[in-house]
$ cat query-v6.txt   # compact mmCIF, C-alpha atoms
# COMPACT_ATOMS: atom_id res chain seq x y z
CA MET A 25 -47.49 -2.02 71.18
CA HIS A 26 -49.16 -5.40 70.73
CA SER A 27 -48.12 -5.97 67.15
CA ASP A 28 -46.34 -9.16 68.23
CA LEU A 29 -49.73 -10.89 68.45
CA LYS A 30 -49.69 -13.40 65.61
CA ILE A 31 -53.13 -12.83 64.13
CA ILE A 32 -54.25 -15.44 61.60
CA PHE A 33 -57.72 -14.02 60.94
CA GLU A 34 -60.02 -11.33 62.25
CA ASP A 35 -63.41 -9.88 61.42
CA ASN A 36 -66.12 -8.15 63.49
CA HIS A 37 -67.08 -11.38 65.25
CA VAL A 38 -63.98 -13.53 65.78
CA ILE A 39 -60.24 -13.24 66.03
CA VAL A 40 -57.94 -16.24 65.52
CA VAL A 41 -54.43 -15.99 66.95
CA ASN A 42 -51.36 -18.23 66.66
CA LYS A 43 -50.45 -18.47 70.35
CA LYS A 44 -46.81 -18.45 71.35
CA ALA A 45 -45.73 -20.99 73.95
CA SER A 46 -45.27 -18.40 76.71
CA GLU A 47 -48.69 -16.75 76.35
CA ILE A 48 -51.61 -17.52 78.65
CA VAL A 49 -55.18 -17.80 77.41
CA GLN A 50 -56.71 -17.28 80.85
CA GLY A 51 -55.44 -15.66 84.03
CA ASP A 52 -53.49 -17.88 86.40
CA LYS A 53 -51.69 -17.48 89.72
CA THR A 54 -48.71 -15.78 88.01
CA GLY A 55 -50.84 -12.71 87.38
CA ASP A 56 -49.18 -12.36 83.96
CA GLU A 57 -50.98 -10.48 81.21
CA THR A 58 -53.43 -12.73 79.36
CA MET A 59 -54.08 -13.01 75.62
CA PRO A 60 -57.59 -11.46 75.95
CA ASP A 61 -56.01 -8.45 77.70
CA ARG A 62 -53.54 -8.03 74.88
CA ILE A 63 -56.19 -8.54 72.20
CA LYS A 64 -58.40 -5.90 73.83
CA THR A 65 -55.52 -3.41 73.82
CA TYR A 66 -54.78 -4.26 70.19
CA LEU A 67 -58.43 -3.80 69.12
CA LYS A 68 -58.76 -0.59 71.10
CA GLU A 69 -55.67 0.86 69.43
CA LYS A 70 -56.41 -0.44 65.94
CA TYR A 71 -60.03 0.71 65.80
CA GLN A 72 -59.64 3.65 68.21
CA LYS A 73 -62.51 2.33 70.30
CA PRO A 74 -63.49 4.31 73.37
CA GLY A 75 -64.63 2.40 76.47
CA ASN A 76 -64.47 -1.32 77.03
CA VAL A 77 -63.63 -3.77 74.28
CA PHE A 78 -65.05 -7.29 74.38
CA CYS A 79 -62.87 -10.40 73.98
CA GLY A 80 -64.37 -13.73 75.03
CA VAL A 81 -62.41 -16.91 75.73
CA VAL A 82 -63.88 -19.83 73.76
CA HIS A 83 -61.33 -22.60 74.43
CA ARG A 84 -57.89 -22.93 76.00
CA LEU A 85 -54.41 -24.17 75.26
CA ASP A 86 -51.93 -25.01 78.01
CA ARG A 87 -49.42 -22.23 78.57
CA PRO A 88 -46.36 -24.14 77.18
CA THR A 89 -48.35 -25.16 74.05
CA SER A 90 -48.46 -23.09 70.85
CA GLY A 91 -50.97 -22.83 68.01
CA ALA A 92 -54.39 -21.71 66.84
CA VAL A 93 -56.85 -20.22 69.34
CA VAL A 94 -60.12 -18.44 68.52
CA PHE A 95 -61.52 -15.59 70.63
CA ALA A 96 -64.98 -14.02 70.31
CA ARG A 97 -65.36 -10.31 69.66
CA THR A 98 -69.04 -10.14 70.68
CA SER A 99 -71.09 -11.85 73.38
CA LYS A 100 -73.34 -13.38 70.72
CA ALA A 101 -70.33 -14.87 68.92
CA LEU A 102 -69.03 -16.19 72.26
CA GLU A 103 -72.34 -17.91 73.01
CA ARG A 104 -72.50 -19.56 69.58
CA LEU A 105 -68.84 -20.62 69.54
CA ASN A 106 -69.11 -22.00 73.09
CA ALA A 107 -72.05 -24.13 71.94
CA GLN A 108 -70.05 -25.47 68.97
CA PHE A 109 -67.10 -26.43 71.17
CA ARG A 110 -69.43 -27.97 73.76
CA GLU A 111 -71.32 -30.01 71.14
CA LYS A 112 -67.99 -31.05 69.53
CA GLU A 113 -68.92 -29.49 66.19
CA THR A 114 -65.41 -28.12 65.81
CA ASN A 115 -62.33 -29.90 64.55
CA LYS A 116 -58.89 -29.45 66.10
CA VAL A 117 -55.71 -31.11 64.88
CA TYR A 118 -52.52 -31.03 66.91
CA TRP A 119 -48.93 -31.79 66.07
CA ALA A 120 -46.67 -33.25 68.75
CA ILE A 121 -42.93 -33.92 68.54
CA VAL A 122 -42.26 -36.98 70.70
CA GLU A 123 -39.09 -38.67 72.00
CA SER A 124 -40.02 -42.23 71.02
CA LYS A 125 -41.76 -43.85 68.09
CA PRO A 126 -45.16 -45.35 68.99
CA ALA A 127 -45.49 -49.14 68.66
CA GLN A 128 -48.11 -48.64 65.93
CA ASP A 129 -47.87 -45.89 63.31
CA SER A 130 -51.49 -44.93 63.97
CA GLY A 131 -54.07 -45.74 66.57
CA THR A 132 -56.70 -44.65 69.04
CA LEU A 133 -55.88 -44.17 72.71
CA VAL A 134 -58.58 -44.58 75.35
CA HIS A 135 -57.80 -43.86 78.99
CA TYR A 136 -59.51 -42.56 82.09
CA LEU A 137 -57.91 -39.38 83.38
CA LYS A 138 -57.95 -38.10 86.91
CA LYS A 139 -56.76 -34.58 87.63
CA ASN A 140 -54.66 -33.77 90.67
CA GLU A 141 -55.43 -30.09 91.34
CA LYS A 142 -52.50 -29.60 93.74
CA GLN A 143 -49.92 -30.81 91.20
CA ASN A 144 -51.82 -29.41 88.20
CA LYS A 145 -51.29 -32.78 86.59
CA SER A 146 -53.46 -35.58 85.23
CA TYR A 147 -52.98 -39.31 85.68
CA ALA A 148 -54.19 -41.96 83.22
CA THR A 149 -55.63 -45.38 83.98
CA VAL A 150 -56.93 -48.06 81.65
CA ASP A 151 -60.00 -48.69 83.81
CA GLU A 152 -62.44 -46.18 85.17
CA VAL A 153 -61.72 -45.00 88.71
CA PRO A 154 -63.83 -42.68 90.90
CA SER A 155 -64.03 -39.11 89.53
CA SER A 156 -62.01 -40.00 86.42
CA LYS A 157 -63.07 -38.86 82.94
CA LYS A 158 -62.88 -40.84 79.73
CA ALA A 159 -60.28 -39.51 77.27
CA ILE A 160 -60.07 -40.51 73.59
CA LEU A 161 -57.60 -39.38 70.95
CA HIS A 162 -56.52 -40.60 67.51
CA TYR A 163 -52.92 -40.27 66.38
CA LYS A 164 -50.80 -41.02 63.33
CA LEU A 165 -47.07 -40.81 62.70
CA ILE A 166 -46.43 -38.25 59.96
CA GLY A 167 -42.70 -37.53 60.21
CA SER A 168 -39.41 -38.51 61.79
CA SER A 169 -35.96 -37.00 62.24
CA ASP A 170 -32.84 -38.77 63.51
CA LYS A 171 -34.02 -38.41 67.14
CA TYR A 172 -37.66 -37.36 67.16
CA PHE A 173 -41.04 -38.27 65.71
CA LEU A 174 -43.96 -36.11 64.61
CA LEU A 175 -47.47 -37.25 65.49
CA GLU A 176 -50.71 -35.75 64.20
CA ILE A 177 -53.45 -35.92 66.80
CA GLU A 178 -57.20 -35.48 66.74
CA LEU A 179 -59.02 -35.20 70.04
CA GLU A 180 -62.40 -36.77 70.61
CA THR A 181 -62.57 -35.41 74.15
CA GLY A 182 -60.96 -32.33 75.67
CA ARG A 183 -59.53 -33.26 79.05
CA HIS A 184 -56.94 -31.54 81.24
CA HIS A 185 -53.46 -32.15 79.74
CA GLN A 186 -55.03 -34.95 77.70
CA ILE A 187 -52.53 -35.26 74.84
CA ARG A 188 -49.58 -34.88 77.18
CA VAL A 189 -50.63 -37.57 79.64
CA GLN A 190 -51.99 -40.05 77.08
CA LEU A 191 -48.86 -39.94 74.91
CA SER A 192 -46.63 -40.19 77.99
CA THR A 193 -48.62 -43.26 79.11
CA ILE A 194 -47.70 -45.11 75.88
CA GLY A 195 -44.04 -44.08 76.25
CA CYS A 196 -44.17 -41.27 73.66
CA ARG A 197 -43.27 -38.29 75.80
CA ILE A 198 -43.60 -34.87 74.20
CA LYS A 199 -40.26 -33.14 73.70
CA GLY A 200 -39.66 -30.63 76.49
CA ASP A 201 -42.57 -31.83 78.64
CA VAL A 202 -40.63 -32.68 81.82
CA LYS A 203 -43.88 -32.66 83.83
CA TYR A 204 -44.84 -35.83 81.96
CA GLY A 205 -41.41 -37.44 81.85
CA ALA A 206 -39.49 -35.80 78.97
CA LYS A 207 -35.71 -36.13 79.25
CA ARG A 208 -35.01 -32.39 79.36
CA PRO A 209 -36.86 -29.08 79.06
CA ASN A 210 -36.91 -27.02 75.86
CA PRO A 211 -34.66 -23.93 76.23
CA ASP A 212 -37.63 -21.54 75.92
CA GLY A 213 -39.80 -23.43 78.43
CA SER A 214 -42.21 -24.60 75.72
CA ILE A 215 -43.34 -28.14 75.09
CA SER A 216 -43.34 -29.40 71.50
CA LEU A 217 -47.12 -29.50 71.16
CA HIS A 218 -48.79 -27.25 68.60
CA ALA A 219 -52.46 -26.71 67.75
CA ARG A 220 -51.95 -26.99 64.00
CA THR A 221 -55.44 -26.58 62.52
CA LEU A 222 -58.74 -25.30 63.83
CA GLU A 223 -62.05 -25.64 62.04
CA PHE A 224 -65.39 -24.19 63.15
CA ASN A 225 -68.49 -22.55 61.72
CA HIS A 226 -68.58 -18.76 61.66
CA PRO A 227 -70.93 -17.62 64.45
CA THR A 228 -73.08 -15.43 62.18
CA SER A 229 -72.51 -16.45 58.54
CA LYS A 230 -72.37 -20.20 59.47
CA GLU A 231 -69.64 -20.61 56.86
CA THR A 232 -67.04 -23.28 57.68
CA LEU A 233 -63.72 -21.68 58.54
CA LYS A 234 -60.46 -23.61 58.71
CA PHE A 235 -57.17 -22.14 59.85
CA THR A 236 -53.64 -23.54 59.91
CA ALA A 237 -51.19 -22.10 62.43
CA PRO A 238 -47.55 -21.91 61.26
CA VAL A 239 -45.22 -23.82 63.59
CA PRO A 240 -42.89 -22.06 66.06
CA ASN A 241 -39.72 -20.61 64.58
CA ASP A 242 -37.51 -23.50 65.65
CA PRO A 243 -35.26 -25.64 63.40
CA LEU A 244 -36.87 -28.96 64.38
CA TRP A 245 -40.42 -27.65 63.95
CA LEU A 246 -39.51 -26.09 60.59
CA PHE A 247 -37.92 -29.38 59.46
CA PHE A 248 -41.16 -31.23 60.23
CA GLU A 249 -43.36 -28.53 58.66
CA GLU A 250 -41.34 -28.74 55.45
CA GLY A 251 -41.92 -32.47 55.24
CA ASN A 252 -45.70 -32.04 55.58

$ encode --input "query-v6.txt" --output "structure tokens"
Amino acid sequence: MHSDLKIIFEDNHVIVVNKKASEIVQGDKTGDETMPDRIKTYLKEKYQKPGNVFCGVVHRLDRPTSGAVVFARTSKALERLNAQFREKETNKVYWAIVESKPAQDSGTLVHYLKKNEKQNKSYATVDEVPSSKKAILHYKLIGSSDKYFLLEIELETGRHHQIRVQLSTIGCRIKGDVKYGAKRPNPDGSISLHARTLEFNHPTSKETLKFTAPVPNDPLWLFFEEGN
């Protein structure tokens, strides 16, 4: 029933899934089924587990974003993974297809972001304003097609819609992200932002694990993946 979950890795402690753009990591006002719900059903069926199955949310990706997400299969794993993400001991690399080429092929963006809850949108300023949070990311240009450009991004902070708003602020709007000024939506409602690699330490063995999430099955994404 839930075989369409794209599982990259699983053991008794963690499960890493390649999220599709339409899936939600945590419940929202739509009331749509969440990834943890689906993972629980999958685990229950696969291992014929009676009773409740545990699946803890460690970190999130925006609904229209795709890519690697890790979930915890035990409360102890959840606690340890949460600590790693909190202490920034993990490493996440994103790929973004943008409409314009950045002025510099690589760089660091520093802004202050303020979230507007009503609009579910963040706004960036160069200077700190009340209740804003500092946002830092590093990007480099790693590919281009006749109309689009592929950026590789590493986050230093994890703010609401951070990559989307920071890139939009420098005129590099993410393809399909009309909320932040893209010319038109993607047909499937996704935005062209993908959590490409995820690296963390295993919660019990402490071994460093690194996973790469294949890109969505889309001609432009596949073109860029081939070139990298």

$ residues_around --input "query-v6.txt" --residues "range 36-50 of chain A" --least-positions-apart "4" --cutoff "8 Å" --atoms "all atoms listed in the file" --output "JSON list (two decimals) with C-alpha atoms, in the coordinates of the input"
[["chain", "number", "residue", "atom", "x", "y", "z"],
["A", 29, "LEU", "CA", -49.73, -10.89, 68.45],
["A", 30, "LYS", "CA", -49.69, -13.40, 65.61],
["A", 31, "ILE", "CA", -53.13, -12.83, 64.13],
["A", 32, "ILE", "CA", -54.25, -15.44, 61.60],
["A", 56, "ASP", "CA", -49.18, -12.36, 83.96],
["A", 57, "GLU", "CA", -50.98, -10.48, 81.21],
["A", 58, "THR", "CA", -53.43, -12.73, 79.36],
["A", 59, "MET", "CA", -54.08, -13.01, 75.62],
["A", 60, "PRO", "CA", -57.59, -11.46, 75.95],
["A", 81, "VAL", "CA", -62.41, -16.91, 75.73],
["A", 84, "ARG", "CA", -57.89, -22.93, 76.00],
["A", 85, "LEU", "CA", -54.41, -24.17, 75.26],
["A", 86, "ASP", "CA", -51.93, -25.01, 78.01],
["A", 87, "ARG", "CA", -49.42, -22.23, 78.57],
["A", 88, "PRO", "CA", -46.36, -24.14, 77.18],
["A", 89, "THR", "CA", -48.35, -25.16, 74.05],
["A", 90, "SER", "CA", -48.46, -23.09, 70.85],
["A", 91, "GLY", "CA", -50.97, -22.83, 68.01],
["A", 92, "ALA", "CA", -54.39, -21.71, 66.84],
["A", 93, "VAL", "CA", -56.85, -20.22, 69.34],
["A", 94, "VAL", "CA", -60.12, -18.44, 68.52],
["A", 95, "PHE", "CA", -61.52, -15.59, 70.63],
["A", 96, "ALA", "CA", -64.98, -14.02, 70.31],
["A", 97, "ARG", "CA", -65.36, -10.31, 69.66],
["A", 98, "THR", "CA", -69.04, -10.14, 70.68],
["A", 101, "ALA", "CA", -70.33, -14.87, 68.92],
["A", 213, "GLY", "CA", -39.80, -23.43, 78.43],
["A", 214, "SER", "CA", -42.21, -24.60, 75.72],
["A", 215, "ILE", "CA", -43.34, -28.14, 75.09],
["A", 227, "PRO", "CA", -70.93, -17.62, 64.45],
["A", 228, "THR", "CA", -73.08, -15.43, 62.18],
["A", 237, "ALA", "CA", -51.19, -22.10, 62.43],
["A", 238, "PRO", "CA", -47.55, -21.91, 61.26],
["A", 240, "PRO", "CA", -42.89, -22.06, 66.06]]

$ atom_distance --input "query-v6.txt" --atom1 "CA of Ser146 in chain A" --atom2 "CA of His218 in chain A"
19.2 Å

$ closest_residue --input "query-v6.txt" --among "A:Glu180, A:Glu152, A:Glu34, A:Asp61" --to "Arg110 in chain A" --atoms "only C-alpha atoms"
A:Glu180

$ closest_residue --input "query-v6.txt" --among "A:Asn140, A:Ser124, A:Asn241, A:Thr65" --to "Lys199 in chain A" --atoms "only C-alpha atoms"
A:Ser124

$ closest_residue --input "query-v6.txt" --among "A:Tyr118, A:Tyr66, A:Tyr147, A:Tyr163" --to "Val239 in chain A" --atoms "all atoms listed in the file"
A:Tyr118

$ residues_around --input "query-v6.txt" --residues "Lys139 in chain A" --least-positions-apart "4" --cutoff "10 Å" --atoms "all atoms listed in the file" --output "PyMOL selection string"
chain A and resi 143-148+155-157+183-185

$ atom_distance --input "query-v6.txt" --atom1 "CA of Gly182 in chain A" --atom2 "CA of Lys112 in chain A"
9.4 Å

$ closest_residue --input "query-v6.txt" --among "A:Val77, A:Glu223, A:Glu249, A:Leu174" --to "Gln108 in chain A" --atoms "only C-alpha atoms"
A:Glu223

$ atom_distance --input "query-v6.txt" --atom1 "CA of Cys196 in chain A" --atom2 "CA of Pro126 in chain A"
6.3 Å

$ residues_around --input "query-v6.txt" --residues "Gly251 in chain A" --least-positions-apart "5" --cutoff "10 Å" --atoms "all atoms listed in the file" --output "MDAnalysis selection string"
chainID A and resid 166:168 246

$ residues_around --input "query-v6.txt" --residues "Leu191 in chain A" --least-positions-apart "6" --cutoff "12 Å" --atoms "only C-alpha atoms" --output "compact mmCIF listing (two decimals) with C-alpha atoms, keeping the file's coordinate frame"
# COMPACT_ATOMS: atom_id res chain seq x y z
CA ALA A 120 -46.67 -33.25 68.75
CA ILE A 121 -42.93 -33.92 68.54
CA VAL A 122 -42.26 -36.98 70.70
CA GLU A 123 -39.09 -38.67 72.00
CA SER A 124 -40.02 -42.23 71.02
CA LYS A 125 -41.76 -43.85 68.09
CA PRO A 126 -45.16 -45.35 68.99
CA ALA A 127 -45.49 -49.14 68.66
CA GLY A 131 -54.07 -45.74 66.57
CA THR A 132 -56.70 -44.65 69.04
CA LEU A 133 -55.88 -44.17 72.71
CA VAL A 134 -58.58 -44.58 75.35
CA HIS A 135 -57.80 -43.86 78.99
CA TYR A 147 -52.98 -39.31 85.68
CA ALA A 148 -54.19 -41.96 83.22
CA ALA A 159 -60.28 -39.51 77.27
CA ILE A 160 -60.07 -40.51 73.59
CA LEU A 161 -57.60 -39.38 70.95
CA HIS A 162 -56.52 -40.60 67.51
CA TYR A 163 -52.92 -40.27 66.38
CA LYS A 164 -50.80 -41.02 63.33
CA LEU A 175 -47.47 -37.25 65.49
CA GLU A 176 -50.71 -35.75 64.20
CA ILE A 177 -53.45 -35.92 66.80
CA HIS A 185 -53.46 -32.15 79.74
CA ARG A 197 -43.27 -38.29 75.80
CA ILE A 198 -43.60 -34.87 74.20
CA LYS A 199 -40.26 -33.14 73.70
CA ASP A 201 -42.57 -31.83 78.64
CA TYR A 204 -44.84 -35.83 81.96
CA GLY A 205 -41.41 -37.44 81.85
CA ALA A 206 -39.49 -35.80 78.97
CA LEU A 217 -47.12 -29.50 71.16

$ closest_residue --input "query-v6.txt" --among "A:Lys100, A:Lys68, A:His83, A:Lys116" --to "Thr221 in chain A" --atoms "all atoms listed in the file"
A:Lys116
